[in-house]
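Asks: Input structure: entry_18.csv, which contains CSV, C-alpha atoms.
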```csv
chain,number,residue,atom,x,y,z
A,257,MET,CA,-0.8,100.8,35.7
A,258,LYS,CA,-1.7,97.9,38.1
A,259,LYS,CA,-5.3,97.5,39.1
A,260,ILE,CA,-6.5,97.1,42.7
A,261,LEU,CA,-10.0,96.3,43.8
A,262,PHE,CA,-10.6,97.6,47.3
A,263,ILE,CA,-13.8,96.3,49.0
A,264,GLU,CA,-14.7,98.3,52.1
A,265,ASP,CA,-18.0,99.5,53.5
A,266,ASP,CA,-16.7,102.1,55.8
A,267,PRO,CA,-17.0,105.4,53.9
A,268,ILE,CA,-14.1,107.3,55.6
A,269,LEU,CA,-11.7,104.4,55.5
A,270,GLY,CA,-12.6,103.4,51.9
A,271,SER,CA,-12.1,107.0,50.7
A,272,VAL,CA,-8.7,107.3,52.4
A,273,TYR,CA,-7.5,104.1,50.8
A,274,GLU,CA,-8.8,105.1,47.4
A,275,THR,CA,-7.0,108.4,47.6
A,276,GLN,CA,-3.7,106.9,48.9
A,277,LEU,CA,-3.7,104.1,46.3
A,278,LYS,CA,-4.4,106.4,43.4
A,279,LYS,CA,-1.6,108.8,44.6
A,280,ALA,CA,0.7,105.7,44.7
A,281,GLY,CA,0.0,105.1,41.0
A,282,TYR,CA,-2.5,102.3,41.1
A,283,HIS,CA,-5.7,102.1,39.1
A,284,THR,CA,-8.2,101.7,42.1
A,285,THR,CA,-11.8,100.6,42.1
A,286,LEU,CA,-13.6,101.1,45.4
A,287,ALA,CA,-16.6,98.8,46.1
A,288,ARG,CA,-18.8,99.6,49.1
A,289,ASP,CA,-20.2,96.1,49.7
A,290,GLY,CA,-19.6,92.5,48.8
A,291,GLU,CA,-22.2,92.6,45.9
A,292,ALA,CA,-20.5,95.6,44.4
A,293,GLY,CA,-17.1,93.8,44.8
A,294,LEU,CA,-18.4,90.8,42.9
A,295,SER,CA,-19.8,93.0,40.1
A,296,ALA,CA,-16.4,94.7,39.8
A,297,LEU,CA,-14.7,91.3,39.4
A,298,GLN,CA,-17.1,90.5,36.6
A,299,ARG,CA,-16.1,93.8,34.8
A,300,GLY,CA,-12.4,93.1,35.0
A,301,ILE,CA,-9.7,91.1,36.7
A,302,PRO,CA,-7.5,93.2,39.1
A,303,ASP,CA,-3.9,92.5,40.0
A,304,LEU,CA,-4.8,92.5,43.7
A,305,VAL,CA,-7.8,92.5,45.9
A,306,VAL,CA,-8.2,94.1,49.4
A,307,LEU,CA,-11.4,93.3,51.3
A,308,ASP,CA,-12.9,93.6,54.7
A,309,VAL,CA,-14.3,90.4,56.1
A,310,ASN,CA,-17.4,92.1,57.5
A,311,LEU,CA,-19.2,93.3,54.5
A,312,PRO,CA,-23.0,93.8,53.8
A,313,LYS,CA,-24.9,91.9,51.1
A,314,ILE,CA,-22.1,89.3,50.4
A,315,SER,CA,-19.6,88.7,53.2
A,316,GLY,CA,-15.8,88.8,52.8
A,317,ILE,CA,-15.6,85.0,53.4
A,318,GLU,CA,-18.1,84.3,50.7
A,319,LEU,CA,-16.1,86.5,48.3
A,320,LEU,CA,-12.9,84.6,49.3
A,321,LYS,CA,-14.6,81.3,48.4
A,322,ILE,CA,-15.6,82.7,45.1
A,323,LEU,CA,-12.1,83.9,44.3
A,324,ASN,CA,-10.7,80.5,45.3
A,325,THR,CA,-13.0,78.4,43.2
A,326,THR,CA,-13.2,80.5,40.0
A,327,ASP,CA,-10.9,80.0,37.1
A,328,GLY,CA,-9.0,83.2,36.4
A,329,LEU,CA,-9.5,84.6,39.9
A,330,ARG,CA,-7.8,82.0,42.2
A,331,ASP,CA,-4.3,83.3,41.6
A,332,ILE,CA,-5.1,86.9,42.5
A,333,PRO,CA,-3.3,87.9,45.7
A,334,VAL,CA,-5.8,88.9,48.4
A,335,ILE,CA,-5.4,91.0,51.5
A,336,VAL,CA,-8.1,90.5,54.1
A,337,PHE,CA,-9.0,92.9,57.0
A,338,THR,CA,-10.3,91.1,60.0
A,339,ASN,CA,-11.4,91.8,63.5
A,340,ALA,CA,-8.6,90.3,65.6
A,341,PHE,CA,-11.1,89.4,68.4
A,342,GLN,CA,-13.5,87.4,66.3
A,343,GLN,CA,-11.7,84.1,66.4
A,344,ASP,CA,-14.3,82.0,64.7
A,345,VAL,CA,-14.4,84.4,61.7
A,346,LEU,CA,-10.6,84.4,61.7
A,347,ALA,CA,-10.5,80.6,61.5
A,348,GLN,CA,-12.8,80.7,58.5
A,349,VAL,CA,-10.6,83.3,56.7
A,350,LYS,CA,-7.5,81.2,57.3
A,351,LEU,CA,-9.1,78.2,55.6
A,352,GLN,CA,-9.3,80.3,52.4
A,353,ASN,CA,-5.5,81.0,52.5
A,354,PRO,CA,-5.3,84.7,51.5
A,355,LYS,CA,-1.9,86.2,51.0
A,356,ARG,CA,-2.2,88.4,54.1
A,357,ILE,CA,-4.6,88.6,57.0
A,358,LEU,CA,-4.4,92.0,58.7
A,359,PRO,CA,-6.0,92.9,62.0
A,360,LYS,CA,-7.8,96.1,60.8
A,361,SER,CA,-7.2,98.3,63.8
A,362,ARG,CA,-3.4,97.7,63.8
A,363,TYR,CA,-2.6,98.9,60.3
A,364,VAL,CA,-3.0,102.5,59.1
A,365,PRO,CA,-3.2,103.1,55.3
A,366,ARG,CA,0.5,103.8,54.8
A,367,GLU,CA,1.4,100.5,56.3
A,368,VAL,CA,-1.1,98.6,54.1
A,369,LEU,CA,0.3,100.5,51.1
A,370,GLN,CA,3.7,99.1,51.8
A,371,ILE,CA,2.4,95.6,52.0
A,372,ILE,CA,0.6,96.0,48.7
A,373,ARG,CA,3.8,97.2,47.1
A,374,GLU,CA,5.6,94.1,48.4
A,375,LEU,CA,3.0,91.7,47.1
A,376,LEU,CA,3.1,93.4,43.7
A,377,ASN,CA,6.9,93.7,43.7
A,378,ASP,CA,6.6,97.5,43.5
A,379,GLY,CA,8.6,98.8,46.5
A,380,PRO,CA,10.3,98.1,49.7
A,381,THR,CA,10.3,94.6,51.1
A,382,GLU,CA,11.0,95.4,54.7
A,383,SER,CA,7.9,95.7,57.0
A,384,PRO,CA,7.9,98.4,59.6
A,385,ASP,CA,8.3,97.5,63.3
A,386,LEU,CA,4.7,98.3,64.3
A,387,ALA,CA,5.5,97.9,68.0
A,388,ASP,CA,8.0,100.8,67.9
A,389,GLU,CA,6.5,103.0,65.3
A,390,GLN,CA,5.0,106.4,66.4
A,391,PRO,CA,2.0,107.7,64.5
A,392,SER,CA,2.9,110.1,61.6
A,393,PHE,CA,0.1,110.7,59.2
A,394,GLY,CA,0.3,111.2,55.5
A,395,ARG,CA,-1.8,113.9,53.9
A,396,GLY,CA,-4.7,111.6,53.1
A,397,GLU,CA,-4.8,110.3,56.7
A,398,SER,CA,-4.7,113.9,58.0
A,399,THR,CA,-7.8,114.7,55.9
A,400,ALA,CA,-9.5,111.5,57.3
A,401,SER,CA,-8.7,112.6,60.8
A,402,VAL,CA,-10.5,116.0,60.2
A,403,VAL,CA,-13.5,114.3,58.6
A,404,PHE,CA,-13.7,111.7,61.4
A,405,GLN,CA,-13.3,114.4,64.1
A,406,LYS,CA,-16.3,116.2,62.7
A,407,ARG,CA,-18.5,113.0,62.7
A,408,LEU,CA,-17.2,111.8,66.0
A,409,PRO,CA,-19.6,113.6,68.4
A,410,GLY,CA,-22.7,112.5,66.5
A,411,LEU,CA,-21.5,108.9,66.3
A,412,LEU,CA,-20.8,108.8,70.1
A,413,GLU,CA,-24.2,110.3,70.9
A,414,GLU,CA,-25.9,107.8,68.6
A,415,CYS,CA,-24.1,105.0,70.4
A,416,ARG,CA,-25.3,106.2,73.8
A,417,ARG,CA,-28.9,106.6,72.4
A,418,MET,CA,-29.0,103.1,70.9
A,419,LEU,CA,-27.7,101.6,74.1
A,420,HIS,CA,-30.4,103.5,76.1
A,421,GLU,CA,-33.0,102.0,73.7
A,422,ALA,CA,-31.5,98.5,74.2
A,423,ASN,CA,-31.8,98.8,77.9
A,424,LYS,CA,-35.5,99.8,77.7
A,425,GLN,CA,-36.5,96.7,75.7
A,426,THR,CA,-38.2,93.9,77.5
A,427,THR,CA,-37.7,91.1,75.0
A,428,PRO,CA,-34.5,89.5,73.8
A,429,ASP,CA,-35.2,90.0,70.1
A,430,ALA,CA,-36.0,93.7,70.5
A,431,ARG,CA,-32.9,94.2,72.6
A,432,SER,CA,-30.8,92.4,70.0
A,433,ASN,CA,-32.1,94.6,67.2
A,434,ARG,CA,-30.9,97.7,69.1
A,435,LEU,CA,-27.6,96.1,69.9
A,436,ARG,CA,-27.2,95.2,66.3
A,437,SER,CA,-27.5,98.9,65.4
A,438,LEU,CA,-25.0,99.7,68.1
A,439,ARG,CA,-22.5,97.2,66.7
A,440,GLU,CA,-22.7,98.9,63.3
A,441,LEU,CA,-22.0,102.3,64.9
A,442,ILE,CA,-19.0,100.8,66.8
A,443,HIS,CA,-17.8,99.4,63.5
A,444,THR,CA,-18.0,102.8,61.9
A,445,LEU,CA,-16.0,104.3,64.9
A,446,SER,CA,-13.4,101.6,64.5
A,447,GLY,CA,-13.0,102.3,60.8
A,448,GLY,CA,-12.8,106.0,61.3
A,449,ALA,CA,-10.2,105.7,64.0
A,450,THR,CA,-8.1,103.4,61.9
A,451,ALA,CA,-8.3,105.9,58.9
A,452,ALA,CA,-7.2,108.7,61.3
A,453,GLY,CA,-4.3,106.6,62.7
A,454,ARG,CA,-5.9,106.4,66.2
A,455,LYS,CA,-4.8,102.9,66.9
A,456,MET,CA,-5.7,102.7,70.5
A,457,GLN,CA,-9.2,103.8,70.0
A,458,ALA,CA,-9.6,101.5,66.9
A,459,TYR,CA,-8.3,98.6,69.0
A,460,PHE,CA,-10.8,99.1,71.8
A,461,CYS,CA,-13.7,99.6,69.3
A,462,GLU,CA,-12.7,96.3,67.6
A,463,ALA,CA,-12.8,94.4,70.9
A,464,LEU,CA,-16.2,95.9,71.8
A,465,GLU,CA,-17.6,95.2,68.3
A,466,ALA,CA,-16.6,91.5,68.7
A,467,PHE,CA,-18.3,91.3,72.2
A,468,VAL,CA,-21.5,92.9,71.0
A,469,SER,CA,-21.5,90.6,67.9
A,470,GLU,CA,-21.4,87.6,70.2
A,471,VAL,CA,-24.4,88.6,72.3
A,472,VAL,CA,-26.3,89.7,69.2
A,473,ALA,CA,-25.7,86.2,67.7
A,474,ASP,CA,-27.0,84.5,70.9
A,475,PRO,CA,-29.4,86.7,72.9
A,476,VAL,CA,-29.4,84.1,75.7
A,477,LYS,CA,-25.9,85.3,76.5
A,478,LEU,CA,-27.1,88.8,77.2
A,479,SER,CA,-27.1,88.9,81.0
A,480,GLY,CA,-27.5,92.0,83.2
A,481,THR,CA,-23.7,92.1,83.8
A,482,CYS,CA,-23.2,92.0,80.0
A,483,LEU,CA,-25.3,95.0,79.5
A,484,ARG,CA,-23.5,96.7,82.3
A,485,THR,CA,-20.2,96.0,80.7
A,486,ILE,CA,-21.4,97.3,77.3
A,487,THR,CA,-22.6,100.5,79.0
A,488,GLN,CA,-19.2,100.9,80.7
A,489,ALA,CA,-17.5,100.4,77.3
A,490,VAL,CA,-19.7,103.1,75.6
A,491,ASP,CA,-18.9,105.5,78.4
A,492,PHE,CA,-15.3,104.7,78.0
A,493,LEU,CA,-15.5,105.5,74.2
A,494,PHE,CA,-16.5,109.1,75.2
A,495,GLU,CA,-13.6,109.2,77.6
A,496,GLU,CA,-11.0,107.8,75.3
A,497,PHE,CA,-11.9,109.6,72.1
A,498,ASN,CA,-12.0,112.9,73.9
A,499,SER,CA,-8.9,112.3,76.1
A,500,GLY,CA,-6.5,114.2,73.8
A,501,LYS,CA,-3.8,111.7,74.9
A,502,PRO,CA,-1.3,110.4,72.4
A,503,ASN,CA,-2.1,107.1,70.6
A,504,GLU,CA,0.0,104.1,71.3
A,505,THR,CA,0.4,100.9,69.2
A,506,PRO,CA,-1.7,98.1,70.7
A,507,ALA,CA,1.1,95.6,70.0
A,508,GLY,CA,3.2,97.4,72.6
A,509,LEU,CA,0.7,97.0,75.5
A,510,ASN,CA,1.9,94.7,78.2
A,511,PHE,CA,0.3,94.6,81.6
A,512,ASN,CA,0.8,92.7,84.9
A,513,VAL,CA,-2.5,91.0,85.8
A,514,LEU,CA,-3.2,88.8,88.9
A,515,ALA,CA,-6.0,86.2,89.0
A,516,VAL,CA,-6.9,85.0,92.5
A,517,ASP,CA,-9.3,82.0,92.8
A,518,ASP,CA,-9.1,78.8,94.7
A,519,ASP,CA,-10.8,77.0,91.8
A,520,ALA,CA,-8.3,76.1,89.0
A,521,ILE,CA,-10.9,76.1,86.3
A,522,SER,CA,-12.0,79.6,87.1
A,523,ARG,CA,-8.4,80.8,87.1
A,524,ARG,CA,-7.8,79.2,83.7
A,525,ALA,CA,-11.0,80.8,82.3
A,526,ILE,CA,-9.7,84.2,83.3
A,527,CYS,CA,-6.4,83.5,81.6
A,528,VAL,CA,-8.1,82.3,78.4
A,529,ALA,CA,-10.2,85.5,78.3
A,530,LEU,CA,-7.2,87.7,78.8
A,531,GLY,CA,-5.5,85.8,75.9
A,532,ARG,CA,-8.2,87.4,73.7
A,533,ILE,CA,-6.4,90.7,74.2
A,534,ASN,CA,-2.9,89.2,74.2
A,535,GLN,CA,-2.4,89.5,77.9
A,536,LYS,CA,-1.3,86.9,80.5
A,537,ALA,CA,-2.1,86.5,84.1
A,538,ILE,CA,-0.1,85.4,87.1
A,539,GLU,CA,-2.3,83.0,89.1
A,540,ALA,CA,-2.8,82.8,92.9
A,541,LYS,CA,-4.7,79.8,94.2
A,542,SER,CA,-5.0,80.9,97.8
A,543,VAL,CA,-5.4,84.1,99.9
A,544,MET,CA,-1.9,83.8,101.4
A,545,GLU,CA,-0.3,83.4,98.0
A,546,ALA,CA,-2.3,86.5,96.7
A,547,LEU,CA,-1.2,88.6,99.7
A,548,GLN,CA,2.4,87.6,99.2
A,549,LYS,CA,2.4,88.5,95.5
A,550,THR,CA,0.6,91.8,96.0
A,551,ARG,CA,3.2,92.8,98.7
A,552,GLN,CA,6.1,92.0,96.3
A,553,GLN,CA,4.8,93.2,92.9
A,554,LYS,CA,2.8,96.0,91.5
A,555,PHE,CA,-0.2,94.8,89.3
A,556,ASP,CA,-2.1,96.8,86.7
A,557,LEU,CA,-5.3,94.7,87.3
A,558,ILE,CA,-6.4,92.2,89.9
A,559,PHE,CA,-9.2,89.7,89.6
A,560,LEU,CA,-10.6,88.3,93.0
A,561,ASP,CA,-13.0,85.5,93.7
A,562,VAL,CA,-15.4,86.2,96.5
A,563,ASP,CA,-16.0,82.8,98.0
A,564,MET,CA,-12.7,81.5,99.2
A,565,PRO,CA,-11.9,79.3,102.3
A,566,GLU,CA,-9.3,81.3,104.2
A,567,MET,CA,-10.8,84.7,103.7
A,568,ASN,CA,-13.5,86.0,101.5
A,569,GLY,CA,-12.7,88.3,98.5
A,570,PHE,CA,-14.0,91.4,100.2
A,571,GLU,CA,-11.7,90.9,103.2
A,572,LEU,CA,-8.8,90.1,100.9
A,573,CYS,CA,-9.5,93.3,98.9
A,574,THR,CA,-9.3,95.4,102.1
A,575,GLU,CA,-5.9,93.8,102.9
A,576,ILE,CA,-4.6,94.4,99.4
A,577,ARG,CA,-5.5,98.1,99.7
A,578,LYS,CA,-3.2,98.3,102.7
A,579,THR,CA,-0.2,97.3,100.5
A,580,GLU,CA,2.1,100.0,99.2
A,581,LEU,CA,2.4,98.6,95.7
A,582,ASN,CA,-1.3,97.9,95.0
A,583,LYS,CA,-3.3,100.3,97.1
A,584,THR,CA,-4.7,101.9,93.9
A,585,ALA,CA,-4.7,98.9,91.5
A,586,PRO,CA,-8.0,98.2,89.8
A,587,ILE,CA,-9.7,95.2,91.4
A,588,ILE,CA,-12.5,93.3,89.7
A,589,PHE,CA,-14.5,90.8,91.7
A,590,VAL,CA,-15.4,87.6,89.8
A,591,THR,CA,-18.5,86.2,91.5
A,592,GLY,CA,-21.8,84.5,91.1
A,593,MET,CA,-23.2,86.9,93.7
A,594,THR,CA,-24.4,89.9,91.7
A,595,ASP,CA,-27.1,91.1,94.1
A,596,LEU,CA,-27.2,94.7,95.3
A,597,GLN,CA,-25.7,93.9,98.7
A,598,SER,CA,-22.7,92.0,97.1
A,599,ARG,CA,-22.2,94.9,94.8
A,600,ALA,CA,-22.2,97.3,97.7
A,601,ASN,CA,-19.7,95.1,99.6
A,602,SER,CA,-17.4,95.1,96.6
A,603,MET,CA,-17.3,98.9,96.6
A,604,LEU,CA,-17.0,99.3,100.4
A,605,SER,CA,-14.0,96.9,100.5
A,606,GLY,CA,-12.1,98.9,97.9
A,607,GLY,CA,-13.1,97.0,94.8
A,608,THR,CA,-13.3,98.8,91.4
A,609,ASP,CA,-15.8,96.6,89.5
A,610,PHE,CA,-17.3,93.1,89.3
A,611,ILE,CA,-18.2,90.5,86.7
A,612,GLY,CA,-20.7,87.7,87.2
A,613,LYS,CA,-19.9,83.9,86.9
A,614,PRO,CA,-20.1,82.3,84.5
A,615,PHE,CA,-18.7,85.0,82.3
A,616,GLN,CA,-18.2,85.3,78.6
A,617,PHE,CA,-14.5,85.5,77.5
A,618,MET,CA,-15.0,88.7,75.4
A,619,GLU,CA,-17.0,90.3,78.2
A,620,LEU,CA,-14.1,89.8,80.6
A,621,ALA,CA,-11.6,90.9,77.9
A,622,VAL,CA,-13.5,94.2,77.2
A,623,LYS,CA,-14.0,94.9,80.9
A,624,SER,CA,-10.2,94.3,81.4
A,625,LEU,CA,-9.4,96.7,78.6
A,626,ILE,CA,-11.5,99.4,80.1
A,627,HIS,CA,-9.7,99.4,83.3
A,628,LEU,CA,-6.2,98.7,81.9
A,629,LEU,CA,-6.4,101.5,79.3
A,630,ARG,CA,-8.0,103.9,81.7
A,631,SER,CA,-5.2,103.3,84.2
A,632,LYS,CA,-2.6,103.7,81.5
A,633,LEU,CA,-4.1,107.0,80.3
A,634,ARG,CA,-3.9,108.4,83.8
```
In structure tokens, write the structure found in this file.

Replies:
Amino acid sequence: MKKILFIEDDPILGSVYETQLKKAGYHTTLARDGEAGLSALQRGIPDLVVLDVNLPKISGIELLKILNTTDGLRDIPVIVFTNAFQQDVLAQVKLQNPKRILPKSRYVPREVLQIIRELLNDGPTESPDLADEQPSFGRGESTASVVFQKRLPGLLEECRRMLHEANKQTTPDARSNRLRSLRELIHTLSGGATAAGRKMQAYFCEALEAFVSEVVADPVKLSGTCLRTITQAVDFLFEEFNSGKPNETPAGLNFNVLAVDDDAISRRAICVALGRINQKAIEAKSVMEALQKTRQQKFDLIFLDVDMPEMNGFELCTEIRKTELNKTAPIIFVTGMTDLQSRANSMLSGGTDFIGKPFQFMELAVKSLIHLLRSKLR
């Protein structure tokens, strides 16, 4: 019987994997943190290690370094779960050269089990087409879905409470502490959604977790618009988890997005931010070009600059609302003007939302996902 060491701090996800692996005939040891994982390695050498990169006590990256630099351990195949949106962490993982790097939200347990069988030469060698696959849960995953559903209302309410506490704080450090707790709750939601096969929700949670992690790491980045975006995202968690809509594979999401700005650098910044969620944008560098495109093509999301030479963004938004194809498309203003009057003008002209300049890439990515997924659900 081949031995697998599974290192995962999420209680629901860890239990599901432990059950599934044992049913598949593997001797499985579940470690709840990096320190427990290291202790398990000292007790015996497994045939394969699966670990989450975000672990308490000893991080997944530190464990990878230990595995790579220790005689008797460096040849063990390792599968690493990562947050696909934390690009700096992903770069560090790649340096350690594990056998497989899996975005955590995109693989349910039965898919990971197939990869394990391939690495251990125990089963099929063909990977499933994740873009076309429809969710069909195994018995262990169905149990996880029930457990997660019971915990879900409490987790969501705790997210909202922790965000309310963060908004009340007057110092950056105190606010960061509350947001750090919020990040852990979102991490739990992501793991539970993954275990239950709810890929869309897990995908969004993973993006939000990455965004909150960035502002926690650097409290200076925590602007008013950042807090507003986090608040919108938590509200969307309630909406999305309680929607009852069928889950779709994130890899299959492709949207038409338009970025309108006379400044080339600003347009490119929007495109780079959208790249974080694997989306591309069509660029329009003038008002007339934007009007032409919106009259010819339907867009799922439109970004508008406010200060443009031919016509300001509010006026352009009014004109876009007159087009047949984009009269209901979500429109986000990207502007340095975030005063109350500008916010009121954005709504009066038909805008859906706004984001302040300069923006963080993950902030724009999360805000985009809120509007794109909400539109798709409808």

Asks: With distances taken over all atoms listed in the file, which of A:Ile558, A:Leu269, A:Met603, A:Ile587 is nearest to Val403 of chain A?

Replies: A:Leu269

Asks: Counting all atoms listed in the file, which of A:Ala515, A:Val345, A:Ile533, A:Ala466 gets nearest to Glu440 of chain A?

Replies: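 Going through A:Ala515, A:Val345, A:Ile533, A:Ala466 one by one, the smallest distance to Glu440 of chain A is for A:Ala466.
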
Asks: Just checking: using all atoms listed in the file, which residue out of A:Cys461, A:Leu369, A:Leu560, A:Val471 ends up closest to Phe341 of chain A?

Replies: A:Cys461

Asks: Which is closer to Asp561 of chain A than all the others in A:Thr338, A:Ser624, A:Ser469, A:Ser522, using only C-alpha atoms?

Replies: A:Ser522

Asks: Which residues come within 7 Å of segment 282-291 of chain A, counting all atoms listed in the file, excluding same-chain residues fewer than 4 positions away, as a PyMOL selection string?

Replies: chain A and resi 257-265+270+274+277-278+295+311-316+319

Asks: For Leu376 of chain A, which of A:Pro359, A:Pro409, A:Pro302, A:Gly328 is the closest residue, counting all atoms listed in the file?

Replies: A:Pro302

Asks: May I have the residues at most 6 Å from (-4.0, 97.7, 66.6) in the file's coordinates, counting only C-alpha atoms, as a tab-separated table (two decimals) with C-alpha atoms, in the frame of the given file?

Replies:
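New file result14.tsv:
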```
chain	number	residue	atom	x	y	z
A	361	SER	CA	-7.20	98.30	63.80
A	362	ARG	CA	-3.40	97.70	63.80
A	455	LYS	CA	-4.80	102.90	66.90
A	459	TYR	CA	-8.30	98.60	69.00
A	506	PRO	CA	-1.70	98.10	70.70
```

Asks: Can you take the partial segment 463-488 of chain A, add N, CA and C atoms, and return it as a PDB file, in the frame of the given file?

Replies:
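The result, stored in rebuild_32.pdb:
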```
ATOM      1  N   ALA A 463     -12.503  95.376  69.823  1.00  0.00           N
ATOM      2  CA  ALA A 463     -12.800  94.400  70.900  1.00  0.00           C
ATOM      3  C   ALA A 463     -14.282  94.525  71.290  1.00  0.00           C
ATOM      4  N   LEU A 464     -14.777  95.751  71.426  1.00  0.00           N
ATOM      5  CA  LEU A 464     -16.200  95.900  71.800  1.00  0.00           C
ATOM      6  C   LEU A 464     -17.117  95.437  70.708  1.00  0.00           C
ATOM      7  N   GLU A 465     -16.760  95.664  69.455  1.00  0.00           N
ATOM      8  CA  GLU A 465     -17.600  95.200  68.300  1.00  0.00           C
ATOM      9  C   GLU A 465     -17.691  93.645  68.381  1.00  0.00           C
ATOM     10  N   ALA A 466     -16.581  92.978  68.671  1.00  0.00           N
ATOM     11  CA  ALA A 466     -16.600  91.500  68.700  1.00  0.00           C
ATOM     12  C   ALA A 466     -17.486  91.031  69.878  1.00  0.00           C
ATOM     13  N   PHE A 467     -17.422  91.700  71.017  1.00  0.00           N
ATOM     14  CA  PHE A 467     -18.300  91.300  72.200  1.00  0.00           C
ATOM     15  C   PHE A 467     -19.732  91.514  71.860  1.00  0.00           C
ATOM     16  N   VAL A 468     -20.095  92.672  71.310  1.00  0.00           N
ATOM     17  CA  VAL A 468     -21.500  92.900  71.000  1.00  0.00           C
ATOM     18  C   VAL A 468     -21.982  91.944  69.917  1.00  0.00           C
ATOM     19  N   SER A 469     -21.123  91.598  68.974  1.00  0.00           N
ATOM     20  CA  SER A 469     -21.500  90.600  67.900  1.00  0.00           C
ATOM     21  C   SER A 469     -21.847  89.274  68.550  1.00  0.00           C
ATOM     22  N   GLU A 470     -21.119  88.875  69.586  1.00  0.00           N
ATOM     23  CA  GLU A 470     -21.400  87.600  70.200  1.00  0.00           C
ATOM     24  C   GLU A 470     -22.755  87.567  70.911  1.00  0.00           C
ATOM     25  N   VAL A 471     -23.100  88.639  71.614  1.00  0.00           N
ATOM     26  CA  VAL A 471     -24.400  88.600  72.300  1.00  0.00           C
ATOM     27  C   VAL A 471     -25.548  88.854  71.348  1.00  0.00           C
ATOM     28  N   VAL A 472     -25.294  89.517  70.218  1.00  0.00           N
ATOM     29  CA  VAL A 472     -26.300  89.700  69.200  1.00  0.00           C
ATOM     30  C   VAL A 472     -26.617  88.313  68.547  1.00  0.00           C
ATOM     31  N   ALA A 473     -25.557  87.545  68.314  1.00  0.00           N
ATOM     32  CA  ALA A 473     -25.700  86.200  67.700  1.00  0.00           C
ATOM     33  C   ALA A 473     -26.441  85.239  68.585  1.00  0.00           C
ATOM     34  N   ASP A 474     -26.309  85.417  69.896  1.00  0.00           N
ATOM     35  CA  ASP A 474     -27.000  84.500  70.900  1.00  0.00           C
ATOM     36  C   ASP A 474     -27.529  85.326  71.999  1.00  0.00           C
ATOM     37  N   PRO A 475     -28.784  85.817  71.847  1.00  0.00           N
ATOM     38  CA  PRO A 475     -29.400  86.700  72.900  1.00  0.00           C
ATOM     39  C   PRO A 475     -29.445  86.097  74.253  1.00  0.00           C
ATOM     40  N   VAL A 476     -29.404  84.763  74.358  1.00  0.00           N
ATOM     41  CA  VAL A 476     -29.400  84.100  75.700  1.00  0.00           C
ATOM     42  C   VAL A 476     -28.229  84.533  76.516  1.00  0.00           C
ATOM     43  N   LYS A 477     -27.130  84.874  75.836  1.00  0.00           N
ATOM     44  CA  LYS A 477     -25.900  85.300  76.500  1.00  0.00           C
ATOM     45  C   LYS A 477     -25.992  86.662  77.145  1.00  0.00           C
ATOM     46  N   LEU A 478     -27.036  87.403  76.791  1.00  0.00           N
ATOM     47  CA  LEU A 478     -27.100  88.800  77.200  1.00  0.00           C
ATOM     48  C   LEU A 478     -27.637  88.918  78.624  1.00  0.00           C
ATOM     49  N   SER A 479     -26.741  88.796  79.585  1.00  0.00           N
ATOM     50  CA  SER A 479     -27.100  88.900  81.000  1.00  0.00           C
ATOM     51  C   SER A 479     -27.080  90.378  81.424  1.00  0.00           C
ATOM     52  N   GLY A 480     -27.491  90.608  82.672  1.00  0.00           N
ATOM     53  CA  GLY A 480     -27.500  92.000  83.200  1.00  0.00           C
ATOM     54  C   GLY A 480     -26.046  92.513  83.284  1.00  0.00           C
ATOM     55  N   THR A 481     -25.089  91.644  83.666  1.00  0.00           N
ATOM     56  CA  THR A 481     -23.700  92.100  83.800  1.00  0.00           C
ATOM     57  C   THR A 481     -23.131  92.404  82.366  1.00  0.00           C
ATOM     58  N   CYS A 482     -23.605  91.673  81.345  1.00  0.00           N
ATOM     59  CA  CYS A 482     -23.200  92.000  80.000  1.00  0.00           C
ATOM     60  C   CYS A 482     -23.588  93.358  79.555  1.00  0.00           C
ATOM     61  N   LEU A 483     -24.857  93.680  79.818  1.00  0.00           N
ATOM     62  CA  LEU A 483     -25.300  95.000  79.500  1.00  0.00           C
ATOM     63  C   LEU A 483     -24.593  96.093  80.250  1.00  0.00           C
ATOM     64  N   ARG A 484     -24.266  95.785  81.495  1.00  0.00           N
ATOM     65  CA  ARG A 484     -23.500  96.700  82.300  1.00  0.00           C
ATOM     66  C   ARG A 484     -22.123  96.966  81.715  1.00  0.00           C
ATOM     67  N   THR A 485     -21.485  95.888  81.257  1.00  0.00           N
ATOM     68  CA  THR A 485     -20.200  96.000  80.700  1.00  0.00           C
ATOM     69  C   THR A 485     -20.218  96.807  79.357  1.00  0.00           C
ATOM     70  N   ILE A 486     -21.255  96.560  78.536  1.00  0.00           N
ATOM     71  CA  ILE A 486     -21.400  97.300  77.300  1.00  0.00           C
ATOM     72  C   ILE A 486     -21.619  98.796  77.600  1.00  0.00           C
ATOM     73  N   THR A 487     -22.414  99.088  78.635  1.00  0.00           N
ATOM     74  CA  THR A 487     -22.600 100.500  79.000  1.00  0.00           C
ATOM     75  C   THR A 487     -21.341 101.137  79.474  1.00  0.00           C
ATOM     76  N   GLN A 488     -20.546 100.428  80.288  1.00  0.00           N
ATOM     77  CA  GLN A 488     -19.200 100.900  80.700  1.00  0.00           C
ATOM     78  C   GLN A 488     -18.352 101.223  79.495  1.00  0.00           C
TER      79      GLN A 488
END
```
